[in-house]
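S.K.: What follows is run-v2.cif, made up of mmCIF, C-alpha atoms and all ligand atoms:
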```
data_model
#
loop_
_atom_site.group_PDB
_atom_site.id
_atom_site.type_symbol
_atom_site.label_atom_id
_atom_site.label_comp_id
_atom_site.auth_asym_id
_atom_site.auth_seq_id
_atom_site.Cartn_x
_atom_site.Cartn_y
_atom_site.Cartn_z
ATOM 1 C CA MET A 11 -31.294 -4.239 20.117
ATOM 2 C CA LYS A 12 -27.762 -4.017 21.523
ATOM 3 C CA SER A 13 -25.516 -2.390 18.943
ATOM 4 C CA LYS A 14 -22.931 -4.632 17.375
ATOM 5 C CA LYS A 15 -19.556 -3.036 16.690
ATOM 6 C CA ILE A 16 -16.130 -3.818 15.366
ATOM 7 C CA LYS A 17 -12.875 -1.899 14.986
ATOM 8 C CA VAL A 18 -10.123 -3.046 12.648
ATOM 9 C CA PHE A 19 -6.676 -1.925 11.524
ATOM 10 C CA ALA A 20 -5.336 -2.320 7.980
ATOM 11 C CA PRO A 21 -1.624 -1.677 7.356
ATOM 12 C CA ALA A 22 0.190 0.673 5.010
ATOM 13 C CA THR A 23 2.053 -0.983 2.139
ATOM 14 C CA VAL A 24 5.057 -0.459 -0.118
ATOM 15 C CA SER A 25 4.182 -1.342 -3.717
ATOM 16 C CA ASN A 26 6.127 -1.805 -6.968
ATOM 17 C CA VAL A 27 9.226 -2.698 -4.884
ATOM 18 C CA GLY A 28 11.708 -1.651 -7.555
ATOM 19 C CA PRO A 29 11.138 -3.830 -10.651
ATOM 20 C CA GLY A 30 7.669 -5.097 -9.631
ATOM 21 C CA PHE A 31 5.581 -2.289 -11.156
ATOM 22 C CA ASP A 32 1.899 -3.148 -10.477
ATOM 23 C CA LEU A 33 2.994 -6.682 -9.512
ATOM 24 C CA MET A 34 4.686 -6.604 -6.097
ATOM 25 C CA GLY A 35 4.092 -5.141 -2.677
ATOM 26 C CA PHE A 36 4.563 -5.752 1.016
ATOM 27 C CA ALA A 37 2.802 -4.669 4.197
ATOM 28 C CA ILE A 38 4.518 -2.724 6.961
ATOM 29 C CA HIS A 39 3.921 -2.240 10.673
ATOM 30 C CA GLY A 40 2.800 0.808 12.615
ATOM 31 C CA ILE A 41 0.938 2.986 10.120
ATOM 32 C CA GLY A 42 -2.347 2.376 8.326
ATOM 33 C CA ASP A 43 -6.087 2.927 8.713
ATOM 34 C CA GLU A 44 -8.502 2.147 11.490
ATOM 35 C CA ILE A 45 -12.178 1.713 10.755
ATOM 36 C CA GLU A 46 -15.014 1.303 13.232
ATOM 37 C CA LEU A 47 -18.356 -0.138 12.117
ATOM 38 C CA SER A 48 -21.570 -0.225 14.162
ATOM 39 C CA ILE A 49 -24.777 -1.838 12.995
ATOM 40 C CA SER A 50 -27.450 0.881 12.921
ATOM 41 C CA LYS A 51 -31.240 0.793 12.787
ATOM 42 C CA ASN A 52 -31.199 2.400 9.334
ATOM 43 C CA ASN A 53 -30.960 0.345 6.185
ATOM 44 C CA PHE A 54 -28.179 2.443 4.690
ATOM 45 C CA ILE A 55 -24.520 2.978 5.385
ATOM 46 C CA GLN A 56 -23.271 6.306 6.634
ATOM 47 C CA ILE A 57 -19.826 7.742 7.332
ATOM 48 C CA LYS A 58 -20.246 9.505 10.693
ATOM 49 C CA LYS A 59 -16.704 10.792 11.078
ATOM 50 C CA ILE A 60 -13.333 10.804 9.327
ATOM 51 C CA ILE A 61 -10.408 11.617 11.607
ATOM 52 C CA GLY A 62 -6.837 12.490 10.591
ATOM 53 C CA ASP A 63 -7.511 13.431 6.951
ATOM 54 C CA ASN A 64 -7.494 17.244 7.283
ATOM 55 C CA ASN A 65 -11.034 17.253 5.825
ATOM 56 C CA ARG A 66 -9.797 15.868 2.520
ATOM 57 C CA LEU A 67 -11.721 12.617 2.163
ATOM 58 C CA PRO A 68 -15.337 12.377 0.946
ATOM 59 C CA TYR A 69 -18.276 11.467 3.202
ATOM 60 C CA ASP A 70 -20.281 10.481 0.116
ATOM 61 C CA THR A 71 -20.490 6.674 0.322
ATOM 62 C CA ASN A 72 -20.262 6.426 -3.471
ATOM 63 C CA LYS A 73 -16.948 8.293 -3.447
ATOM 64 C CA ASN A 74 -15.153 7.092 -0.314
ATOM 65 C CA THR A 75 -12.855 4.101 -0.966
ATOM 66 C CA ALA A 76 -13.896 2.270 2.207
ATOM 67 C CA THR A 77 -17.631 2.519 1.549
ATOM 68 C CA VAL A 78 -17.378 1.837 -2.204
ATOM 69 C CA SER A 79 -15.665 -1.461 -1.276
ATOM 70 C CA ILE A 80 -18.340 -2.264 1.320
ATOM 71 C CA LEU A 81 -21.152 -1.382 -1.102
ATOM 72 C CA SER A 82 -19.609 -3.665 -3.743
ATOM 73 C CA LEU A 83 -19.585 -6.537 -1.226
ATOM 74 C CA PHE A 84 -23.168 -5.760 -0.077
ATOM 75 C CA LYS A 85 -24.382 -5.666 -3.678
ATOM 76 C CA SER A 86 -22.892 -9.002 -4.643
ATOM 77 C CA HIS A 87 -24.355 -10.724 -1.535
ATOM 78 C CA GLN A 88 -27.610 -8.723 -1.478
ATOM 79 C CA ILE A 89 -26.880 -7.588 2.077
ATOM 80 C CA LYS A 90 -29.050 -4.793 3.445
ATOM 81 C CA VAL A 91 -27.605 -3.835 6.815
ATOM 82 C CA GLY A 92 -27.372 -0.286 8.160
ATOM 83 C CA LEU A 93 -23.861 0.745 9.225
ATOM 84 C CA ASP A 94 -22.416 3.775 10.976
ATOM 85 C CA ILE A 95 -18.744 4.185 10.110
ATOM 86 C CA ILE A 96 -15.822 6.043 11.666
ATOM 87 C CA ILE A 97 -12.549 6.156 9.714
ATOM 88 C CA ARG A 98 -9.249 7.104 11.360
ATOM 89 C CA LYS A 99 -6.413 7.820 8.945
ATOM 90 C CA LYS A 100 -3.168 6.958 10.673
ATOM 91 C CA MET A 101 -1.067 7.669 7.590
ATOM 92 C CA GLY A 102 -0.642 10.368 4.942
ATOM 93 C CA ILE A 103 -2.966 10.641 1.934
ATOM 94 C CA GLY A 104 -1.163 10.570 -1.428
ATOM 95 C CA SER A 105 1.963 9.314 0.342
ATOM 96 C CA GLY A 106 2.733 6.315 -1.885
ATOM 97 C CA LEU A 107 2.138 4.014 1.058
ATOM 98 C CA GLY A 108 -1.244 2.629 0.037
ATOM 99 C CA SER A 109 -3.561 4.998 1.886
ATOM 100 C CA SER A 110 -6.633 4.297 -0.265
ATOM 101 C CA SER A 111 -5.948 0.560 -0.202
ATOM 102 C CA ALA A 112 -5.763 0.549 3.592
ATOM 103 C CA SER A 113 -9.234 2.164 3.710
ATOM 104 C CA ALA A 114 -10.665 -0.246 1.149
ATOM 105 C CA VAL A 115 -9.240 -3.335 2.848
ATOM 106 C CA ALA A 116 -10.223 -2.109 6.321
ATOM 107 C CA GLY A 117 -13.802 -1.674 5.070
ATOM 108 C CA VAL A 118 -14.314 -5.129 3.579
ATOM 109 C CA PHE A 119 -12.317 -6.922 6.277
ATOM 110 C CA ALA A 120 -14.389 -5.218 9.006
ATOM 111 C CA VAL A 121 -17.703 -6.099 7.323
ATOM 112 C CA ASP A 122 -16.623 -9.706 6.837
ATOM 113 C CA LYS A 123 -15.778 -10.044 10.541
ATOM 114 C CA LEU A 124 -18.739 -8.029 11.861
ATOM 115 C CA LEU A 125 -21.320 -10.005 9.887
ATOM 116 C CA GLY A 126 -19.469 -13.341 10.248
ATOM 117 C CA LEU A 127 -19.422 -13.863 6.476
ATOM 118 C CA ASN A 128 -16.075 -15.712 6.296
ATOM 119 C CA LEU A 129 -15.610 -14.820 2.645
ATOM 120 C CA PRO A 130 -12.460 -16.038 0.892
ATOM 121 C CA LYS A 131 -9.684 -13.431 0.706
ATOM 122 C CA GLN A 132 -9.825 -13.507 -3.077
ATOM 123 C CA GLU A 133 -13.408 -12.256 -2.914
ATOM 124 C CA LEU A 134 -12.595 -9.526 -0.369
ATOM 125 C CA LEU A 135 -9.783 -8.525 -2.733
ATOM 126 C CA SER A 136 -12.164 -8.019 -5.653
ATOM 127 C CA HIS A 137 -14.424 -5.722 -3.589
ATOM 128 C CA ALA A 138 -11.455 -3.784 -2.190
ATOM 129 C CA LEU A 139 -10.252 -3.290 -5.769
ATOM 130 C CA ALA A 140 -13.585 -1.609 -6.567
ATOM 131 C CA GLY A 141 -12.726 0.919 -3.842
ATOM 132 C CA GLU A 142 -9.167 1.394 -5.082
ATOM 133 C CA LEU A 143 -10.534 2.095 -8.564
ATOM 134 C CA ILE A 144 -12.470 5.097 -7.223
ATOM 135 C CA ALA A 145 -9.334 6.556 -5.625
ATOM 136 C CA SER A 146 -6.636 5.908 -8.210
ATOM 137 C CA LYS A 147 -8.786 5.484 -11.345
ATOM 138 C CA SER A 148 -7.028 2.242 -12.244
ATOM 139 C CA ILE A 149 -7.089 -1.394 -11.246
ATOM 140 C CA HIS A 150 -3.813 -2.319 -9.610
ATOM 141 C CA ALA A 151 -3.629 -4.722 -6.692
ATOM 142 C CA ASP A 152 -0.057 -4.224 -5.517
ATOM 143 C CA ASN A 153 -1.192 -2.258 -2.437
ATOM 144 C CA ILE A 154 -4.563 -3.966 -1.855
ATOM 145 C CA ALA A 155 -3.178 -7.532 -1.959
ATOM 146 C CA PRO A 156 -0.314 -7.117 0.555
ATOM 147 C CA CYS A 157 -2.595 -5.052 2.807
ATOM 148 C CA LEU A 158 -5.190 -7.857 2.820
ATOM 149 C CA TYR A 159 -2.897 -10.915 2.836
ATOM 150 C CA GLY A 160 0.070 -9.465 4.745
ATOM 151 C CA GLY A 161 3.673 -10.324 3.898
ATOM 152 C CA PHE A 162 5.316 -9.955 0.482
ATOM 153 C CA ILE A 163 2.985 -10.433 -2.480
ATOM 154 C CA LEU A 164 3.457 -11.128 -6.174
ATOM 155 C CA ILE A 165 0.486 -10.696 -8.508
ATOM 156 C CA ARG A 166 1.196 -13.321 -11.145
ATOM 157 C CA SER A 167 -1.868 -12.417 -13.191
ATOM 158 C CA TYR A 168 -4.714 -9.894 -13.186
ATOM 159 C CA ASN A 169 -7.045 -11.876 -15.423
ATOM 160 C CA PRO A 170 -7.791 -14.079 -13.638
ATOM 161 C CA ILE A 171 -6.341 -12.567 -10.479
ATOM 162 C CA ASP A 172 -3.612 -14.840 -9.087
ATOM 163 C CA ILE A 173 -1.911 -13.812 -5.838
ATOM 164 C CA VAL A 174 1.321 -15.517 -4.774
ATOM 165 C CA GLN A 175 2.794 -15.047 -1.289
ATOM 166 C CA ILE A 176 6.586 -14.879 -1.400
ATOM 167 C CA ASP A 177 8.853 -15.966 1.413
ATOM 168 C CA PHE A 178 11.311 -13.277 2.527
ATOM 169 C CA PRO A 179 14.291 -13.006 4.889
ATOM 170 C CA LYS A 180 13.046 -12.315 8.398
ATOM 171 C CA ASN A 181 15.868 -9.844 8.965
ATOM 172 C CA LEU A 182 14.911 -7.670 6.010
ATOM 173 C CA PHE A 183 14.354 -4.162 7.398
ATOM 174 C CA CYS A 184 12.733 -1.337 5.511
ATOM 175 C CA SER A 185 13.602 2.354 5.978
ATOM 176 C CA ILE A 186 10.867 4.655 4.692
ATOM 177 C CA LEU A 187 11.039 8.372 4.029
ATOM 178 C CA TYR A 188 7.722 10.140 3.466
ATOM 179 C CA PRO A 189 8.467 13.632 2.097
ATOM 180 C CA GLU A 190 5.502 15.815 2.979
ATOM 181 C CA ILE A 191 4.391 16.521 -0.556
ATOM 182 C CA GLU A 192 1.427 14.840 -2.227
ATOM 183 C CA ILE A 193 1.473 12.844 -5.453
ATOM 184 C CA LYS A 194 -1.839 11.595 -6.817
ATOM 185 C CA THR A 195 -1.510 8.046 -8.163
ATOM 186 C CA SER A 196 -3.853 8.896 -11.054
ATOM 187 C CA GLU A 197 -1.507 11.749 -12.107
ATOM 188 C CA ALA A 198 1.643 9.659 -11.602
ATOM 189 C CA ARG A 199 0.173 6.984 -13.899
ATOM 190 C CA LYS A 200 -0.700 9.464 -16.628
ATOM 191 C CA ILE A 201 2.978 10.320 -17.198
ATOM 192 C CA LEU A 202 3.953 6.695 -17.872
ATOM 193 C CA ASP A 203 4.361 5.333 -21.396
ATOM 194 C CA LYS A 204 1.478 3.119 -22.501
ATOM 195 C CA LYS A 205 3.919 0.725 -24.212
ATOM 196 C CA VAL A 206 7.474 -0.377 -23.452
ATOM 197 C CA ASP A 207 10.236 -1.557 -25.793
ATOM 198 C CA ARG A 208 11.165 -5.227 -25.872
ATOM 199 C CA SER A 209 14.586 -4.455 -24.349
ATOM 200 C CA VAL A 210 12.866 -2.701 -21.411
ATOM 201 C CA ALA A 211 10.467 -5.626 -20.932
ATOM 202 C CA ILE A 212 13.411 -8.044 -20.875
ATOM 203 C CA SER A 213 15.410 -5.964 -18.362
ATOM 204 C CA GLN A 214 12.349 -5.540 -16.131
ATOM 205 C CA ALA A 215 11.463 -9.255 -16.225
ATOM 206 C CA GLY A 216 15.083 -10.137 -15.398
ATOM 207 C CA ASN A 217 15.154 -7.897 -12.344
ATOM 208 C CA ALA A 218 11.662 -8.850 -11.150
ATOM 209 C CA SER A 219 12.425 -12.571 -11.398
ATOM 210 C CA ALA A 220 15.806 -12.158 -9.709
ATOM 211 C CA LEU A 221 14.256 -10.135 -6.871
ATOM 212 C CA ILE A 222 11.862 -12.994 -6.096
ATOM 213 C CA VAL A 223 14.724 -15.511 -6.195
ATOM 214 C CA GLY A 224 16.815 -13.218 -3.963
ATOM 215 C CA LEU A 225 13.999 -12.968 -1.418
ATOM 216 C CA ILE A 226 13.393 -16.714 -1.323
ATOM 217 C CA LYS A 227 17.105 -17.621 -1.208
ATOM 218 C CA LYS A 228 17.818 -14.780 1.252
ATOM 219 C CA ASP A 229 20.523 -13.577 -1.121
ATOM 220 C CA PHE A 230 20.878 -9.893 -0.182
ATOM 221 C CA GLN A 231 23.357 -9.112 -2.961
ATOM 222 C CA LEU A 232 20.951 -10.488 -5.549
ATOM 223 C CA ILE A 233 18.124 -8.438 -3.992
ATOM 224 C CA SER A 234 20.337 -5.352 -4.158
ATOM 225 C CA ARG A 235 21.298 -5.911 -7.832
ATOM 226 C CA SER A 236 17.674 -6.466 -8.811
ATOM 227 C CA MET A 237 16.195 -3.300 -7.372
ATOM 228 C CA GLU A 238 16.076 -1.260 -10.564
ATOM 229 C CA ASP A 239 12.818 -0.301 -12.256
ATOM 230 C CA PHE A 240 12.950 0.551 -15.961
ATOM 231 C CA ILE A 241 9.257 1.408 -16.392
ATOM 232 C CA ALA A 242 7.907 3.816 -13.765
ATOM 233 C CA GLU A 243 10.741 5.162 -11.631
ATOM 234 C CA PRO A 244 12.728 6.874 -14.431
ATOM 235 C CA LYS A 245 9.591 8.873 -15.339
ATOM 236 C CA ARG A 246 8.443 9.602 -11.811
ATOM 237 C CA ALA A 247 11.727 10.622 -10.186
ATOM 238 C CA VAL A 248 11.197 14.220 -11.349
ATOM 239 C CA LEU A 249 8.009 14.417 -9.234
ATOM 240 C CA ILE A 250 10.120 14.091 -6.065
ATOM 241 C CA PRO A 251 12.417 17.140 -5.744
ATOM 242 C CA CYS A 252 14.791 15.354 -3.336
ATOM 243 C CA TYR A 253 14.845 11.998 -5.213
ATOM 244 C CA ASN A 254 18.534 11.958 -6.218
ATOM 245 C CA GLU A 255 19.795 13.319 -2.903
ATOM 246 C CA VAL A 256 17.757 10.851 -0.826
ATOM 247 C CA ARG A 257 18.784 7.933 -3.017
ATOM 248 C CA ASN A 258 22.486 8.824 -2.845
ATOM 249 C CA ALA A 259 22.291 9.328 0.929
ATOM 250 C CA ALA A 260 20.650 5.925 1.429
ATOM 251 C CA LEU A 261 23.102 4.071 -0.822
ATOM 252 C CA ASN A 262 26.110 5.832 0.747
ATOM 253 C CA SER A 263 24.808 4.718 4.162
ATOM 254 C CA GLY A 264 24.899 1.076 3.130
ATOM 255 C CA ALA A 265 21.322 0.526 1.921
ATOM 256 C CA LEU A 266 20.724 -2.397 -0.459
ATOM 257 C CA ASN A 267 18.583 -0.116 -2.639
ATOM 258 C CA CYS A 268 16.593 3.087 -2.644
ATOM 259 C CA ASN A 269 13.400 3.250 -4.709
ATOM 260 C CA ILE A 270 10.085 5.063 -4.898
ATOM 261 C CA SER A 271 7.316 3.416 -2.886
ATOM 262 C CA GLY A 272 4.232 3.018 -5.087
ATOM 263 C CA SER A 273 3.652 6.196 -7.060
ATOM 264 C CA GLY A 274 5.571 8.260 -4.474
ATOM 265 C CA PRO A 275 6.563 10.555 -2.935
ATOM 266 C CA SER A 276 7.668 8.036 -0.265
ATOM 267 C CA MET A 277 10.979 6.299 -0.878
ATOM 268 C CA PHE A 278 12.251 3.144 0.758
ATOM 269 C CA SER A 279 15.455 1.190 1.312
ATOM 270 C CA PHE A 280 16.169 -2.328 2.461
ATOM 271 C CA SER A 281 18.870 -3.329 4.919
ATOM 272 C CA THR A 282 19.590 -6.307 7.144
ATOM 273 C CA SER A 283 19.439 -4.918 10.684
ATOM 274 C CA GLU A 284 17.410 -2.395 12.652
ATOM 275 C CA LYS A 285 20.581 -0.484 13.464
ATOM 276 C CA ASP A 286 21.409 -0.098 9.751
ATOM 277 C CA ALA A 287 17.807 0.776 8.922
ATOM 278 C CA LEU A 288 17.783 3.590 11.514
ATOM 279 C CA ARG A 289 21.081 4.997 10.266
ATOM 280 C CA ILE A 290 19.880 4.871 6.654
ATOM 281 C CA VAL A 291 16.527 6.533 7.373
ATOM 282 C CA SER A 292 18.242 9.316 9.271
ATOM 283 C CA ALA A 293 20.575 9.967 6.289
ATOM 284 C CA MET A 294 17.534 10.000 3.954
ATOM 285 C CA LYS A 295 15.764 12.524 6.176
ATOM 286 C CA THR A 296 18.794 14.802 6.367
ATOM 287 C CA ALA A 297 19.164 14.727 2.574
ATOM 288 C CA ALA A 298 15.500 15.708 2.086
ATOM 289 C CA PHE A 299 15.801 18.458 4.700
ATOM 290 C CA LYS A 300 18.834 19.923 2.912
ATOM 291 C CA LYS A 301 16.604 20.251 -0.170
ATOM 292 C CA GLY A 302 14.059 22.119 1.966
ATOM 293 C CA ILE A 303 11.629 19.198 2.229
ATOM 294 C CA LYS A 304 10.153 18.133 5.560
ATOM 295 C CA SER A 305 9.549 14.438 5.950
ATOM 296 C CA LYS A 306 8.350 11.677 8.234
ATOM 297 C CA THR A 307 10.320 8.476 8.632
ATOM 298 C CA PHE A 308 9.446 4.910 9.533
ATOM 299 C CA VAL A 309 11.465 1.762 10.064
ATOM 300 C CA SER A 310 9.637 -1.532 9.789
ATOM 301 C CA MET A 311 10.090 -5.210 9.123
ATOM 302 C CA ILE A 312 7.712 -6.767 6.625
ATOM 303 C CA ASN A 313 4.303 -7.193 8.301
ATOM 304 C CA ASP A 314 3.166 -10.788 7.895
ATOM 305 C CA ASP A 315 -0.223 -10.257 9.558
ATOM 306 C CA GLY A 316 -2.293 -8.049 7.254
ATOM 307 C CA PRO A 317 -5.434 -6.502 8.778
ATOM 308 C CA SER A 318 -6.477 -7.244 12.356
ATOM 309 C CA VAL A 319 -9.449 -6.773 14.667
ATOM 310 C CA ILE A 320 -8.564 -4.339 17.447
ATOM 311 C CA LYS A 321 -11.867 -4.133 19.336
HETATM 312 N N1 LIG B 401 1.564 0.242 -8.872
HETATM 313 C C1 LIG B 401 0.899 1.478 -8.602
HETATM 314 C C2 LIG B 401 1.606 2.586 -9.349
HETATM 315 C C3 LIG B 401 0.951 1.735 -7.122
HETATM 316 O O1 LIG B 401 2.836 2.630 -9.295
HETATM 317 O O2 LIG B 401 0.937 3.398 -9.992
HETATM 318 C C4 LIG B 401 0.290 3.026 -6.712
HETATM 319 O O3 LIG B 401 0.420 3.175 -5.318
#
```
Hey, can you dump this file as structure tokens for me?
Ligand code: HSE

M.R.:
Amino acid sequence: MKSKKIKVFAPATVSNVGPGFDLMGFAIHGIGDEIELSISKNNFIQIKKIIGDNNRLPYDTNKNTATVSILSLFKSHQIKVGLDIIIRKKMGIGSGLGSSSASAVAGVFAVDKLLGLNLPKQELLSHALAGELIASKSIHADNIAPCLYGGFILIRSYNPIDIVQIDFPKNLFCSILYPEIEIKTSEARKILDKKVDRSVAISQAGNASALIVGLIKKDFQLISRSMEDFIAEPKRAVLIPCYNEVRNAALNSGALNCNISGSGPSMFSFSTSEKDALRIVSAMKTAAFKKGIKSKTFVSMINDDGPSVIK
């Protein structure tokens, strides 16, 4: 039998997006995960190779995010197909840019295409979430959903899951600084309060609602005013040694905001042109460097496409 293969790419994502803790995220261009699946003669799935992870990710199919997601899908559809898998990490692990989600989404998206299942995205999402749970030890869809759907996503509800795609200004540019330190999402969640005061809930809801309105109305000043998180960022800033310096540098360079991406350490800023975004990211990098922290930088528009087949 001629082997049947597929290769897909799933993008990195920025989640939380200021006031949208666990509720908002968007996909970016350029970085993410590639996964290659080949149907094998065995009746089990096997990770043959993981590239670009510095030997950090598990080959055990019950522990790897990509294969846990695939196994969840196989179990619910009683599929018994042997697969050989190659994973290429084209982004940092523990970067706050949705590394585990990119693997999980790449896995289920690739299986869906390879086997011609045509499953609804909402179902792929539920299996990808099973993979994310293994990596971050919590169910949050604010990386998985934008990675799978593309664009800017709001999770209106988790039970039942309700994903809303939000329109956004096409000239919204994102400058991303990835300081080369690692923060585990599971650890960054442990330091958060289990409950919030009513005044915090009100401030957060105000900003989150206004951010969505700002995006839809293309009101950049409203977006800028709304980009304050009262729940996670005040607790997590201490995990990023260059947080204050990077934030000040971005804001002084004209950025609309500067916030932690996901659970960090990456930080991101919005602006309205590529030229501004490049200037801002360079100021962010210099500020981190002055604190003795090496970093990678990216400039991207919001990626409307989500995952794609590349071979
Ligand atoms: N919303 C999640 C968190 C994203 O902040 O913990 C993790 O990438």

S.K.: Counting all atoms listed in the file, which residues of chain A sit at most 9 Å from some atom of ligand LIG 401 (chain B), and what is each one's closest atom pair with its distance in Å to one decimal, listed by chain and rising residue number, as a tab-separated table?

M.R.:
```
residue	atom	partner	partner_atom	distance
A:Thr23	CA	B:LIG401	O3	8.7
A:Val24	CA	B:LIG401	O3	7.9
A:Ser25	CA	B:LIG401	C3	5.6
A:Asn26	CA	B:LIG401	N1	5.4
A:Gly30	CA	B:LIG401	N1	8.1
A:Phe31	CA	B:LIG401	N1	5.3
A:Asp32	CA	B:LIG401	N1	3.8
A:Leu33	CA	B:LIG401	N1	7.1
A:Met34	CA	B:LIG401	N1	8.0
A:Gly35	CA	B:LIG401	N1	8.6
A:Gly104	CA	B:LIG401	O3	8.5
A:Ser105	CA	B:LIG401	O3	8.5
A:Gly106	CA	B:LIG401	O3	5.2
A:Leu107	CA	B:LIG401	O3	6.7
A:Gly108	CA	B:LIG401	O3	5.6
A:Ser109	CA	B:LIG401	O3	8.4
A:Ser110	CA	B:LIG401	O3	8.7
A:Ser111	CA	B:LIG401	O3	8.6
A:Ser146	CA	B:LIG401	C4	7.6
A:Ser148	CA	B:LIG401	O2	8.4
A:Ile149	CA	B:LIG401	C1	8.9
A:His150	CA	B:LIG401	N1	6.0
A:Ala151	CA	B:LIG401	N1	7.5
A:Asp152	CA	B:LIG401	N1	5.8
A:Asn153	CA	B:LIG401	O3	6.4
A:Lys194	CA	B:LIG401	C4	8.8
A:Thr195	CA	B:LIG401	C4	5.5
A:Ser196	CA	B:LIG401	O2	7.4
A:Glu197	CA	B:LIG401	O2	9.0
A:Ala198	CA	B:LIG401	O2	6.5
A:Arg199	CA	B:LIG401	O2	5.4
A:Ala242	CA	B:LIG401	O1	6.9
A:Glu243	CA	B:LIG401	O1	8.6
A:Ile270	CA	B:LIG401	O1	8.8
A:Ser271	CA	B:LIG401	O3	7.3
A:Gly272	CA	B:LIG401	O3	3.8
A:Ser273	CA	B:LIG401	O1	4.3
A:Gly274	CA	B:LIG401	O3	7.3
```

S.K.: What does the file look like for those residues with C-alpha atoms, as a CSV table (one decimal), in the frame of the given file?

M.R.:
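Below is the file that was written, result_17.csv:
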```
chain,number,residue,atom,x,y,z
A,23,THR,CA,2.1,-1.0,2.1
A,24,VAL,CA,5.1,-0.5,-0.1
A,25,SER,CA,4.2,-1.3,-3.7
A,26,ASN,CA,6.1,-1.8,-7.0
A,30,GLY,CA,7.7,-5.1,-9.6
A,31,PHE,CA,5.6,-2.3,-11.2
A,32,ASP,CA,1.9,-3.1,-10.5
A,33,LEU,CA,3.0,-6.7,-9.5
A,34,MET,CA,4.7,-6.6,-6.1
A,35,GLY,CA,4.1,-5.1,-2.7
A,104,GLY,CA,-1.2,10.6,-1.4
A,105,SER,CA,2.0,9.3,0.3
A,106,GLY,CA,2.7,6.3,-1.9
A,107,LEU,CA,2.1,4.0,1.1
A,108,GLY,CA,-1.2,2.6,0.0
A,109,SER,CA,-3.6,5.0,1.9
A,110,SER,CA,-6.6,4.3,-0.3
A,111,SER,CA,-5.9,0.6,-0.2
A,146,SER,CA,-6.6,5.9,-8.2
A,148,SER,CA,-7.0,2.2,-12.2
A,149,ILE,CA,-7.1,-1.4,-11.2
A,150,HIS,CA,-3.8,-2.3,-9.6
A,151,ALA,CA,-3.6,-4.7,-6.7
A,152,ASP,CA,-0.1,-4.2,-5.5
A,153,ASN,CA,-1.2,-2.3,-2.4
A,194,LYS,CA,-1.8,11.6,-6.8
A,195,THR,CA,-1.5,8.0,-8.2
A,196,SER,CA,-3.9,8.9,-11.1
A,197,GLU,CA,-1.5,11.7,-12.1
A,198,ALA,CA,1.6,9.7,-11.6
A,199,ARG,CA,0.2,7.0,-13.9
A,242,ALA,CA,7.9,3.8,-13.8
A,243,GLU,CA,10.7,5.2,-11.6
A,270,ILE,CA,10.1,5.1,-4.9
A,271,SER,CA,7.3,3.4,-2.9
A,272,GLY,CA,4.2,3.0,-5.1
A,273,SER,CA,3.7,6.2,-7.1
A,274,GLY,CA,5.6,8.3,-4.5
```

S.K.: Which neighbours of region 200-211 of chain A fall inside 10 Å, counting only C-alpha atoms, when residues of the same chain fewer than 5 positions from it are skipped, and could you give them as a count of residues only?

M.R.: 10

S.K.: If you apply the PyMOL selection byres (((chain A and resi 92) around 9) and not hetatm) to this file, what residues do you get, as a ChimeraX atom specification?

M.R.: /A:48-56,90-91,93-94

S.K.: Tell me which protein, DNA and RNA residues are within 12 Å of Glu190 (chain A), counting only C-alpha atoms, leaving out same-chain ones fewer than 4 positions away, and put them as a ChimeraX atom specification.

M.R.: /A:101-106,250-252,274-277,295,298-299,302-307

S.K.: Output C-alpha atoms for every residue in that selection, as a PDB file, in the coordinates of the input.

M.R.:
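Result file again_24.pdb:
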```
ATOM      1  CA  MET A 101      -1.067   7.669   7.590  1.00  0.00           C
ATOM      2  CA  GLY A 102      -0.642  10.368   4.942  1.00  0.00           C
ATOM      3  CA  ILE A 103      -2.966  10.641   1.934  1.00  0.00           C
ATOM      4  CA  GLY A 104      -1.163  10.570  -1.428  1.00  0.00           C
ATOM      5  CA  SER A 105       1.963   9.314   0.342  1.00  0.00           C
ATOM      6  CA  GLY A 106       2.733   6.315  -1.885  1.00  0.00           C
ATOM      7  CA  ILE A 250      10.120  14.091  -6.065  1.00  0.00           C
ATOM      8  CA  PRO A 251      12.417  17.140  -5.744  1.00  0.00           C
ATOM      9  CA  CYS A 252      14.791  15.354  -3.336  1.00  0.00           C
ATOM     10  CA  GLY A 274       5.571   8.260  -4.474  1.00  0.00           C
ATOM     11  CA  PRO A 275       6.563  10.555  -2.935  1.00  0.00           C
ATOM     12  CA  SER A 276       7.668   8.036  -0.265  1.00  0.00           C
ATOM     13  CA  MET A 277      10.979   6.299  -0.878  1.00  0.00           C
ATOM     14  CA  LYS A 295      15.764  12.524   6.176  1.00  0.00           C
ATOM     15  CA  ALA A 298      15.500  15.708   2.086  1.00  0.00           C
ATOM     16  CA  PHE A 299      15.801  18.458   4.700  1.00  0.00           C
ATOM     17  CA  GLY A 302      14.059  22.119   1.966  1.00  0.00           C
ATOM     18  CA  ILE A 303      11.629  19.198   2.229  1.00  0.00           C
ATOM     19  CA  LYS A 304      10.153  18.133   5.560  1.00  0.00           C
ATOM     20  CA  SER A 305       9.549  14.438   5.950  1.00  0.00           C
ATOM     21  CA  LYS A 306       8.350  11.677   8.234  1.00  0.00           C
ATOM     22  CA  THR A 307      10.320   8.476   8.632  1.00  0.00           C
TER      23      THR A 307
END
```

S.K.: Go ahead and find all residues with at least one atom no further than 9 Å from (14.9, -14.2, 4.7) in the file's coordinates, using all atoms listed in the file; report them as a list in words.

M.R.: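 Residues with an atom close enough to that point: Asp177, Phe178, Pro179, Lys180, Asn181, Leu182, Gly224, Leu225, Ile226, Lys227, Lys228, Asp229 and Phe230 of chain A.
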